[in-house]
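Note: the block below is query14.cif and it holds mmCIF, C-alpha atoms.
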data_coords
#
loop_
_atom_site.label_atom_id
_atom_site.label_comp_id
_atom_site.auth_asym_id
_atom_site.auth_seq_id
_atom_site.Cartn_x
_atom_site.Cartn_y
_atom_site.Cartn_z
CA MET A 1 20.45 185.35 -18.74
CA ASN A 2 23.72 186.90 -17.63
CA THR A 3 23.92 189.77 -15.15
CA ALA A 4 25.10 192.36 -17.66
CA LEU A 5 22.13 191.72 -19.95
CA LYS A 6 19.72 191.89 -17.01
CA ILE A 7 21.09 195.31 -16.09
CA LEU A 8 20.76 196.55 -19.68
CA LEU A 9 17.12 195.44 -19.75
CA LEU A 10 16.16 197.06 -16.43
CA PRO A 11 14.79 200.26 -18.03
CA PHE A 12 12.39 198.15 -20.07
CA SER A 13 11.40 196.26 -16.93
CA PHE A 14 10.59 199.61 -15.29
CA ILE A 15 8.32 200.57 -18.21
CA TYR A 16 6.68 197.15 -17.96
CA TYR A 17 6.26 197.69 -14.21
CA LEU A 18 4.41 200.98 -14.78
CA VAL A 19 2.04 199.48 -17.35
CA VAL A 20 1.18 196.41 -15.28
CA SER A 21 0.86 198.40 -12.05
CA ILE A 22 -1.59 200.85 -13.63
CA ARG A 23 -3.65 197.94 -14.94
CA ASN A 24 -3.70 196.19 -11.55
CA PHE A 25 -4.58 199.47 -9.79
CA ALA A 26 -7.53 199.93 -12.15
CA TYR A 27 -8.91 196.46 -11.38
CA THR A 28 -8.22 196.60 -7.65
CA ASN A 29 -10.00 199.94 -7.29
CA GLY A 30 -12.98 199.12 -9.49
CA ILE A 31 -12.04 201.38 -12.39
CA LEU A 32 -12.05 198.26 -14.53
CA GLU A 33 -14.67 195.62 -13.77
CA SER A 34 -13.87 192.15 -12.42
CA LYS A 35 -16.56 189.47 -12.59
CA SER A 36 -17.35 187.10 -9.75
CA TYR A 37 -19.39 183.90 -10.01
CA HIS A 38 -21.56 182.18 -7.41
CA PHE A 39 -20.26 178.65 -7.82
CA PRO A 40 -16.88 177.03 -7.10
CA ASN A 41 -14.22 178.34 -9.48
CA ILE A 42 -10.54 177.88 -8.69
CA VAL A 43 -7.62 179.55 -10.41
CA ILE A 44 -4.16 178.01 -10.46
CA GLY A 45 -1.48 180.38 -11.70
CA ASN A 46 1.87 181.97 -11.05
CA LEU A 47 3.72 185.26 -11.26
CA SER A 48 6.39 183.92 -13.61
CA VAL A 49 6.15 182.99 -17.28
CA GLY A 50 5.95 179.27 -16.63
CA GLY A 51 7.64 176.21 -15.23
CA THR A 52 5.94 176.00 -11.84
CA GLY A 53 3.88 172.87 -12.55
CA LYS A 54 0.40 174.27 -13.11
CA THR A 55 -0.95 171.32 -15.11
CA PRO A 56 0.11 168.62 -12.59
CA HIS A 57 -1.56 170.68 -9.85
CA ILE A 58 -4.74 170.99 -11.93
CA GLU A 59 -4.65 167.20 -12.24
CA TYR A 60 -4.23 166.92 -8.47
CA LEU A 61 -7.41 168.95 -7.95
CA ILE A 62 -9.27 166.83 -10.49
CA ARG A 63 -8.35 163.65 -8.59
CA LEU A 64 -9.36 165.29 -5.32
CA LEU A 65 -12.80 166.44 -6.50
CA GLU A 66 -13.98 164.35 -9.45
CA SER A 67 -15.63 161.60 -7.40
CA LYS A 68 -18.00 164.09 -5.74
CA GLN A 69 -18.51 166.92 -8.25
CA SER A 70 -18.72 167.31 -11.99
CA ILE A 71 -15.51 169.04 -13.06
CA ALA A 72 -14.53 171.24 -15.96
CA THR A 73 -11.12 172.69 -16.72
CA LEU A 74 -10.73 175.92 -18.64
CA SER A 75 -7.53 177.28 -20.12
CA ARG A 76 -6.39 179.51 -22.92
CA GLY A 77 -5.20 176.58 -25.01
CA TYR A 78 -1.78 178.03 -25.71
CA GLY A 79 -0.40 177.14 -29.14
CA ARG A 80 -3.63 175.76 -30.59
CA LYS A 81 -4.63 176.47 -34.17
CA THR A 82 -8.24 177.29 -33.26
CA LYS A 83 -9.75 180.37 -31.64
CA GLY A 84 -12.56 181.16 -29.25
CA PHE A 85 -14.50 178.81 -27.01
CA ARG A 86 -14.13 175.08 -27.63
CA ILE A 87 -15.08 171.98 -25.65
CA ALA A 88 -12.88 168.93 -26.18
CA SER A 89 -14.45 166.09 -28.17
CA GLU A 90 -13.27 162.87 -29.79
CA ILE A 91 -12.10 164.72 -32.92
CA ASP A 92 -9.77 167.04 -31.01
CA ASN A 93 -6.00 166.86 -30.62
CA ALA A 94 -3.13 169.03 -29.43
CA ASP A 95 -3.47 171.25 -32.52
CA THR A 96 -7.11 172.12 -31.80
CA LEU A 97 -6.93 172.32 -27.99
CA GLY A 98 -3.31 173.00 -27.10
CA ASP A 99 -0.92 170.47 -25.59
CA GLU A 100 -1.87 170.74 -21.91
CA PRO A 101 -5.69 170.69 -22.32
CA PHE A 102 -5.39 167.69 -24.66
CA GLN A 103 -3.15 165.97 -22.12
CA ILE A 104 -5.79 166.50 -19.42
CA LYS A 105 -8.59 165.20 -21.66
CA GLN A 106 -6.63 162.04 -22.44
CA LYS A 107 -5.95 161.36 -18.76
CA PHE A 108 -9.43 162.31 -17.52
CA PRO A 109 -11.90 161.50 -20.32
CA ASN A 110 -14.94 161.83 -18.04
CA ILE A 111 -14.47 165.51 -17.22
CA THR A 112 -15.20 168.52 -19.42
CA VAL A 113 -12.13 170.19 -20.90
CA ALA A 114 -12.63 173.59 -22.51
CA VAL A 115 -10.43 176.35 -23.93
CA ASP A 116 -11.10 180.05 -24.42
CA GLU A 117 -8.80 183.08 -24.50
CA ASN A 118 -11.50 185.02 -22.62
CA ARG A 119 -11.91 183.17 -19.33
CA CYS A 120 -15.14 184.95 -18.34
CA HIS A 121 -16.71 184.09 -21.69
CA GLY A 122 -15.48 180.51 -21.29
CA ILE A 123 -17.05 180.22 -17.84
CA GLU A 124 -20.38 181.54 -19.09
CA GLU A 125 -20.33 179.14 -22.05
CA LEU A 126 -19.62 176.20 -19.75
CA LYS A 127 -22.45 177.14 -17.39
CA ALA A 128 -24.80 177.45 -20.35
CA GLN A 129 -24.24 173.80 -21.32
CA GLU A 130 -27.09 171.35 -20.77
CA LYS A 131 -24.95 169.50 -18.23
CA SER A 132 -23.05 172.38 -16.70
CA PRO A 133 -20.08 171.62 -14.40
CA GLU A 134 -20.37 172.12 -10.68
CA VAL A 135 -16.71 173.15 -10.32
CA ILE A 136 -14.49 174.96 -12.85
CA LEU A 137 -10.71 174.78 -12.57
CA LEU A 138 -8.91 177.56 -14.41
CA ASP A 139 -5.38 176.95 -15.59
CA ASP A 140 -3.00 179.93 -15.75
CA ALA A 141 -5.56 182.67 -15.14
CA PHE A 142 -3.97 184.51 -12.21
CA GLN A 143 -3.30 187.58 -14.38
CA HIS A 144 -6.75 187.42 -15.99
CA ARG A 145 -8.05 190.27 -13.82
CA ARG A 146 -11.44 190.45 -15.56
CA LEU A 147 -12.16 187.34 -13.51
CA ASN A 148 -12.34 187.60 -9.74
CA ALA A 149 -11.99 183.89 -9.01
CA GLY A 150 -13.52 182.38 -5.91
CA LEU A 151 -10.26 180.74 -4.84
CA LYS A 152 -6.84 181.75 -6.11
CA ILE A 153 -3.88 179.39 -5.83
CA LEU A 154 -0.45 180.82 -6.61
CA LEU A 155 2.44 178.48 -7.47
CA THR A 156 6.11 179.29 -7.10
CA ASP A 157 9.06 177.03 -7.93
CA TYR A 158 11.15 176.02 -4.90
CA SER A 159 14.38 176.70 -6.80
CA LYS A 160 13.09 179.94 -8.39
CA LEU A 161 10.93 181.70 -5.81
CA TYR A 162 9.14 184.75 -7.19
CA ILE A 163 10.67 186.91 -4.45
CA ASN A 164 14.09 186.34 -6.03
CA ASP A 165 13.02 187.20 -9.56
CA LEU A 166 12.70 190.35 -11.65
CA LEU A 167 10.05 191.65 -14.00
CA LEU A 168 10.15 190.94 -17.71
CA PRO A 169 12.32 191.30 -19.70
CA SER A 170 15.13 191.37 -17.10
CA GLY A 171 13.56 188.45 -15.28
CA ARG A 172 10.61 186.08 -15.64
CA LEU A 173 7.90 187.84 -13.64
CA ARG A 174 4.67 188.78 -15.42
CA GLU A 175 3.75 191.28 -12.72
CA PRO A 176 5.31 192.80 -9.57
CA ARG A 177 5.85 190.53 -6.58
CA LYS A 178 3.12 192.30 -4.59
CA GLY A 179 0.63 190.61 -6.92
CA ALA A 180 1.08 187.54 -4.73
CA LYS A 181 -1.13 189.23 -2.13
CA ARG A 182 -4.17 188.44 -4.31
CA ALA A 183 -3.65 184.72 -3.70
CA ASP A 184 -5.61 182.81 -1.09
CA ILE A 185 -3.12 179.92 -1.12
CA ILE A 186 0.58 179.80 -2.02
CA VAL A 187 2.11 176.49 -3.05
CA VAL A 188 5.88 176.06 -3.23
CA THR A 189 6.25 173.48 -6.00
CA LYS A 190 8.99 171.07 -7.05
CA SER A 191 10.40 171.03 -3.54
CA PRO A 192 12.71 168.18 -2.46
CA SER A 193 10.98 164.94 -1.53
CA VAL A 194 12.39 165.35 1.98
CA LEU A 195 11.88 168.79 3.47
CA SER A 196 12.78 169.65 7.06
CA PRO A 197 10.56 171.82 9.29
CA LEU A 198 13.46 174.26 9.50
CA GLU A 199 13.57 174.63 5.72
CA ILE A 200 9.81 175.09 5.56
CA ARG A 201 10.00 177.90 8.10
CA ARG A 202 12.89 179.47 6.17
CA ILE A 203 10.91 179.58 2.92
CA GLU A 204 7.82 180.89 4.69
CA SER A 205 9.86 183.69 6.26
CA LEU A 206 11.11 184.66 2.80
CA LEU A 207 7.63 184.64 1.26
CA LYS A 208 6.11 186.60 4.15
CA PRO A 209 2.52 185.47 3.53
CA ALA A 210 -0.35 187.69 4.63
CA SER A 211 -2.46 186.62 7.59
CA TYR A 212 -5.16 185.24 5.28
CA GLN A 213 -2.70 183.17 3.22
CA LYS A 214 -1.57 179.60 3.88
CA VAL A 215 1.66 178.25 2.42
CA TYR A 216 1.93 174.61 1.29
CA PHE A 217 4.78 172.60 -0.18
CA SER A 218 4.46 170.07 -2.98
CA THR A 219 6.85 167.77 -4.79
CA PHE A 220 6.79 165.80 -8.04
CA HIS A 221 6.49 162.01 -7.93
CA TYR A 222 7.46 160.17 -11.12
CA SER A 223 5.95 156.79 -11.94
CA GLU A 224 7.30 153.97 -14.10
CA LEU A 225 7.96 154.82 -17.73
CA LYS A 226 5.12 153.95 -20.08
CA PRO A 227 5.83 152.79 -23.67
CA LEU A 228 4.46 154.90 -26.52
CA ASN A 229 5.40 152.49 -29.30
CA ASP A 230 5.63 148.73 -29.79
CA LEU A 231 9.41 148.73 -29.31
CA GLY A 232 8.73 149.23 -25.62
CA ARG A 233 7.10 145.77 -25.69
CA SER A 234 3.92 147.31 -24.20
CA GLN A 235 5.43 147.00 -20.73
CA ASN A 236 6.21 149.70 -18.21
CA LEU A 237 9.89 150.30 -17.59
CA SER A 238 11.21 150.90 -14.10
CA LEU A 239 13.48 153.87 -13.57
CA LYS A 240 16.15 151.53 -12.23
CA SER A 241 16.25 149.82 -15.63
CA LEU A 242 17.70 153.00 -17.12
CA ASN A 243 21.03 152.24 -15.46
CA LYS A 244 22.17 150.19 -18.46
CA MET A 245 20.64 152.38 -21.17
CA ALA A 246 21.57 155.48 -23.14
CA VAL A 247 18.75 157.98 -22.61
CA LEU A 248 17.81 160.97 -24.72
CA MET A 249 15.42 163.27 -22.87
CA VAL A 250 13.33 165.36 -25.29
CA THR A 251 11.29 168.22 -23.82
CA ALA A 252 9.38 171.32 -24.82
CA ILE A 253 8.68 172.63 -21.33
CA ALA A 254 9.61 175.83 -19.51
CA ASN A 255 12.19 174.31 -17.16
CA PRO A 256 13.64 170.90 -18.11
CA ASN A 257 16.63 171.11 -15.75
CA ASN A 258 14.98 169.43 -12.76
CA LEU A 259 13.77 166.53 -14.89
CA GLU A 260 17.21 166.01 -16.39
CA LEU A 261 18.78 165.93 -12.93
CA TYR A 262 16.15 163.44 -11.81
CA LEU A 263 16.83 161.05 -14.71
CA LYS A 264 20.55 161.24 -14.04
CA ARG A 265 19.91 159.64 -10.66
CA TYR A 266 19.00 156.45 -12.51
CA ALA A 267 20.77 156.60 -15.88
CA LYS A 268 24.52 157.12 -16.22
CA ASN A 269 24.23 158.18 -19.85
CA VAL A 270 21.67 160.98 -20.30
CA ASN A 271 21.59 163.63 -23.00
CA ALA A 272 18.95 166.34 -23.32
CA LEU A 273 17.35 167.94 -26.34
CA SER A 274 15.25 170.92 -25.28
CA PHE A 275 12.84 173.05 -27.28
CA LYS A 276 10.97 176.16 -26.21
CA ASP A 277 7.87 175.73 -24.07
CA HIS A 278 4.79 174.46 -26.00
CA HIS A 279 6.88 173.77 -29.12
CA TYR A 280 5.18 171.65 -31.78
CA PHE A 281 7.59 169.16 -33.32
CA LYS A 282 8.47 169.31 -37.01
CA SER A 283 10.33 166.94 -39.35
CA LYS A 284 13.67 168.62 -38.67
CA ASP A 285 13.12 168.18 -34.92
CA TYR A 286 12.68 164.42 -35.29
CA ASP A 287 15.85 164.34 -37.41
CA SER A 288 17.68 166.14 -34.61
CA MET A 289 16.42 163.60 -32.06
CA PHE A 290 17.62 160.60 -34.04
CA LYS A 291 20.98 162.14 -34.93
CA LYS A 292 21.67 163.00 -31.30
CA LEU A 293 20.66 159.53 -30.16
CA ASP A 294 22.90 157.92 -32.82
CA LEU A 295 25.90 159.78 -31.41
CA MET A 296 25.30 158.36 -27.94
CA LEU A 297 27.27 155.27 -26.94
CA GLY A 298 25.54 152.07 -25.87
CA ASN A 299 23.66 149.08 -27.25
CA LYS A 300 20.37 149.87 -25.53
CA LYS A 301 18.93 153.30 -26.23
CA CYS A 302 15.61 155.04 -25.69
CA ILE A 303 13.93 158.42 -25.89
CA ILE A 304 11.98 159.76 -22.92
CA VAL A 305 9.42 162.56 -23.15
CA THR A 306 7.05 164.30 -20.75
CA GLU A 307 3.30 163.79 -20.79
CA LYS A 308 2.88 167.30 -22.16
CA ASP A 309 5.16 166.50 -25.10
CA ALA A 310 3.90 162.96 -25.69
CA VAL A 311 0.54 164.25 -26.95
CA LYS A 312 2.34 166.12 -29.75
CA MET A 313 4.65 163.31 -30.85
CA ASP A 314 4.19 161.58 -34.21
CA ILE A 315 4.63 158.05 -32.89
CA SER A 316 4.90 156.58 -36.39
CA ARG A 317 8.32 158.22 -36.79
CA PHE A 318 9.83 156.12 -34.02
CA GLU A 319 10.22 152.87 -35.95
CA ASN A 320 13.59 151.86 -34.54
CA VAL A 321 13.75 153.62 -31.17
CA PRO A 322 11.84 152.76 -27.98
CA LEU A 323 9.84 155.81 -26.93
CA TYR A 324 8.65 156.27 -23.35
CA VAL A 325 6.66 158.85 -21.45
CA LEU A 326 7.44 159.68 -17.82
CA PRO A 327 4.19 160.26 -15.87
CA VAL A 328 4.27 162.74 -13.01
CA GLU A 329 1.94 163.40 -10.08
CA VAL A 330 1.91 166.06 -7.39
CA ARG A 331 2.31 165.05 -3.78
CA PHE A 332 2.11 167.41 -0.83
CA HIS A 333 4.31 167.39 2.23
CA GLU A 334 3.01 166.87 5.78
CA ASN A 335 0.32 169.56 5.65
CA GLY A 336 -1.17 168.20 2.43
CA ILE A 337 -4.25 167.03 4.32
CA ASP A 338 -4.89 170.64 5.29
CA PHE A 339 -4.61 171.67 1.62
CA ASP A 340 -7.15 169.03 0.61
CA GLN A 341 -9.50 170.08 3.37
CA GLU A 342 -9.25 173.75 2.41
CA ILE A 343 -10.18 172.95 -1.20
CA VAL A 344 -13.02 170.62 -0.23
CA GLU A 345 -14.41 173.10 2.29
CA TYR A 346 -14.36 175.88 -0.29
CA VAL A 347 -16.35 173.73 -2.73
CA ARG A 348 -18.70 172.56 0.01
CA SER A 349 -19.46 176.14 1.06
CA TYR A 350 -21.46 176.52 -2.17
CA THR A 351 -23.25 173.18 -1.96
CA ASN A 352 -24.32 174.08 1.58
CA GLY A 353 -25.88 177.26 0.25
CA ASN A 354 -23.46 179.63 1.97
#
Rewrite the structure from the file as structure tokens, please.
Amino acid sequence: MNTALKILLLPFSFIYYLVVSIRNFAYTNGILESKSYHFPNIVIGNLSVGGTGKTPHIEYLIRLLESKQSIATLSRGYGRKTKGFRIASEIDNADTLGDEPFQIKQKFPNITVAVDENRCHGIEELKAQEKSPEVILLDDAFQHRRLNAGLKILLTDYSKLYINDLLLPSGRLREPRKGAKRADIIVVTKSPSVLSPLEIRRIESLLKPASYQKVYFSTFHYSELKPLNDLGRSQNLSLKSLNKMAVLMVTAIANPNNLELYLKRYAKNVNALSFKDHHYFKSKDYDSMFKKLDLMLGNKKCIIVTEKDAVKMDISRFENVPLYVLPVEVRFHENGIDFDQEIVEYVRSYTNGN
């Protein structure tokens, strides 16, 4: 968004500020009720409208905790064609759950994955199950003030810190920056793989965390490409192999720029086709993919998608083009052990009866 348009939208941002501030004031001062629960429940969210890496961080917590506790994830299920509370089963797909919950269920089939627009209702439904989860991880519920989560983790993109952003519609913030004070933990996501102590201190000085808040830094680690159709010969493809290929990156995520830059480290010929976040692909979209790929030079070509988008792809349409998914995992910088310990200790505080 250009500067002139941002300035024109500022009056609307001020109106938005008043509405959101009144709402937050009402919850903070008990005018509106927030519910608390006496078991481990962890919210991962952000102040912006997306693109901070919430789902990969949810997956990180699942890997950290699933060997010791029974885990459930709960999200709104953005973009699904169903409503109300729903627990993922074998008959579900991205249409019935939403792309991100379905992605999680495919990667972690042994945990409970649920969706509900009303997070408090979703929590109560999960706890009412015959085998109720010991820990509930809530995706994108930082602004769901009816829930007073036990542990609140706020994510902010390294290249788009919330302190440098504006409220909607001039910027991408859902609520004023002071909302960050509700967080117990702040994670600066998508940071460079190498981060100096000086840079860490610089970011921390900008964020100005409260005395009760700890700041951590995470980065994305991409694995080998996994084939989604038979043209990939059922073998993983190393990123270095992209050097001699024409690559079309297809995404429907909030911020595809970082991924495109990453692929360009390995492939000389990369084009991008981007759709809005959570977009569900239609026939015309597949036509656009193939037309764009046909225009690219090179004998060897492939299409690469994210895990979030792979669950929505109609694989049968890719009869003549190798289709790969690029898996991603979160890794923390040097104080990652402290992050793990803080999460584990929070969960353990309930099992110890505290």
>> Can you tell me which residues surround Gln341 (chain A) at a distance of at most 12 Å, considering only C-alpha atoms, apart from same-chain residues fewer than 6 positions away, and format the answer as a PyMOL selection string?
In response: chain A and resi 61+64-65+335+347-349
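Across A:Ala246, A:Leu198, A:Val135, A:Leu207, the tightest approach to Asn299 (chain A) is made by A:Ala246 when counting only C-alpha atoms.
Applied to the file shown here, the PyMOL selection byres ((chain A and resi 192) around 12) selects the residues A:Asp157, A:Tyr158, A:Ser159, A:Val188, A:Thr189, A:Lys190, A:Ser191, A:Ser193, A:Val194, A:Leu195, A:Ser196, A:Glu199, A:Ile200, A:Phe217, A:Ser218, A:Thr219, A:Phe220, A:His221, A:Asn258, A:Tyr262, A:Arg331, A:Phe332, A:His333.
Interatomic distance, CA of Arg201 (chain A) to CA of Pro256 (chain A): 27.4 Å.
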Hey, could you make a per-residue contact list for region 49-78 of chain A against region 160-170 of chain A with 10 Å as the cut-off, showing the nearest pair of atoms and its distance in Å to one decimal, counting only C-alpha atoms, sorted by chain and number, as CSV?
residue,atom,partner,partner_atom,distance
A:Val49,CA,A:Leu168,CA,8.9
A:Gly51,CA,A:Lys160,CA,9.5
A:Thr52,CA,A:Lys160,CA,8.9
>> Env of Ala267 (chain A): 9 Å cut, atoms = only C-alpha atoms, seq-sep filter 3 positions within chain, self excluded. Answer as a ChimeraX atom specification.
In response: /A:239-247,263-264,270
> Nearest to Leu259 (chain A) among A:Leu326, A:Leu237, A:Ile31, A:Leu8, with distances taken over only C-alpha atoms: which residue is it?
Replying inline: A:Leu326
>> Which polymer residues, whether protein, DNA or RNA, lie within 10 Å of the coordinate (-4.3, 191.1, -14.5) when you count only C-alpha atoms? List them as a list of chain:residue names, using the chain letters and numbers from the file.
In response: A:Val20, A:Ser21, A:Arg23, A:Asn24, A:Phe25, A:Ala26, A:Tyr27, A:Thr28, A:Ser34, A:Ala141, A:Phe142, A:Gln143, A:His144, A:Arg145, A:Arg146, A:Leu147, A:Asn148, A:Arg174, A:Glu175, A:Gly179
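For the residues A:Ser70, A:Ile15, A:Val325, A:Glu204, ranking by smallest atom-to-atom distance to Lys127 (chain A) using only C-alpha atoms places A:Ser70 first.
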Do you know which residues the PyMOL selection byres ((chain A and resi 106) around 12) returns on this file, as a compact mmCIF listing (two decimals) with C-alpha atoms, in the frame of the given file?
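Now in out-v3.txt:
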# COMPACT_ATOMS: atom_id res chain seq x y z
CA GLU A 59 -4.65 167.20 -12.24
CA ALA A 88 -12.88 168.93 -26.18
CA SER A 89 -14.45 166.09 -28.17
CA GLU A 90 -13.27 162.87 -29.79
CA ASP A 92 -9.77 167.04 -31.01
CA ASN A 93 -6.00 166.86 -30.62
CA ALA A 94 -3.13 169.03 -29.43
CA LEU A 97 -6.93 172.32 -27.99
CA ASP A 99 -0.92 170.47 -25.59
CA GLU A 100 -1.87 170.74 -21.91
CA PRO A 101 -5.69 170.69 -22.32
CA PHE A 102 -5.39 167.69 -24.66
CA GLN A 103 -3.15 165.97 -22.12
CA ILE A 104 -5.79 166.50 -19.42
CA LYS A 105 -8.59 165.20 -21.66
CA LYS A 107 -5.95 161.36 -18.76
CA PHE A 108 -9.43 162.31 -17.52
CA PRO A 109 -11.90 161.50 -20.32
CA ASN A 110 -14.94 161.83 -18.04
CA ILE A 111 -14.47 165.51 -17.22
CA THR A 112 -15.20 168.52 -19.42
CA VAL A 113 -12.13 170.19 -20.90
CA GLU A 307 3.30 163.79 -20.79
CA LYS A 308 2.88 167.30 -22.16
CA ALA A 310 3.90 162.96 -25.69
CA VAL A 311 0.54 164.25 -26.95
> Which is closest to Phe14 (chain A) among A:Tyr350, A:Gly171, A:Val344, A:Cys302, if we use all atoms listed in the file?
Replying inline: A:Gly171
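CA of Phe318 (chain A) to CA of Lys81 (chain A) spans 25.0 Å [interatomic distance, one decimal].
The coordinates place CA of Leu155 (chain A) at 24.3 Å from CA of His38 (chain A).
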What residues come out when you apply the PyMOL selection byres ((chain A and resi 313) around 10) to this file, written as a short mmCIF file (atom, residue, chain, number, x, y, z; two decimals) with C-alpha atoms, in the coordinates of the input?
data_model
loop_
_atom_site.label_atom_id
_atom_site.label_comp_id
_atom_site.auth_asym_id
_atom_site.auth_seq_id
_atom_site.Cartn_x
_atom_site.Cartn_y
_atom_site.Cartn_z
CA ALA A 94 -3.13 169.03 -29.43
CA LEU A 228 4.46 154.90 -26.52
CA TYR A 280 5.18 171.65 -31.78
CA PHE A 281 7.59 169.16 -33.32
CA LYS A 282 8.47 169.31 -37.01
CA TYR A 286 12.68 164.42 -35.29
CA VAL A 305 9.42 162.56 -23.15
CA LYS A 308 2.88 167.30 -22.16
CA ASP A 309 5.16 166.50 -25.10
CA ALA A 310 3.90 162.96 -25.69
CA VAL A 311 0.54 164.25 -26.95
CA LYS A 312 2.34 166.12 -29.75
CA ASP A 314 4.19 161.58 -34.21
CA ILE A 315 4.63 158.05 -32.89
CA SER A 316 4.90 156.58 -36.39
CA ARG A 317 8.32 158.22 -36.79
CA PHE A 318 9.83 156.12 -34.02
CA LEU A 323 9.84 155.81 -26.93
#
>> Taking 5 positions as the minimum chain separation for residues in the same chain, which residues sit within 12 Å of Asp294 (chain A) when counting all atoms listed in the file? Answer as a PyMOL selection string.
In response: chain A and resi 246-248+271+287-289+299-303+320-321
Within 8 Å of Gly122 (chain A), counting all atoms listed in the file, which residues qualify if same-chain residues fewer than 6 places away don't, as a tab-separated table (two decimals) with C-alpha atoms, keeping the file's coordinate frame?
chain	number	residue	atom	x	y	z
A	74	LEU	CA	-10.73	175.92	-18.64
A	85	PHE	CA	-14.50	178.81	-27.01
A	114	ALA	CA	-12.63	173.59	-22.51
A	115	VAL	CA	-10.43	176.35	-23.93
A	116	ASP	CA	-11.10	180.05	-24.42
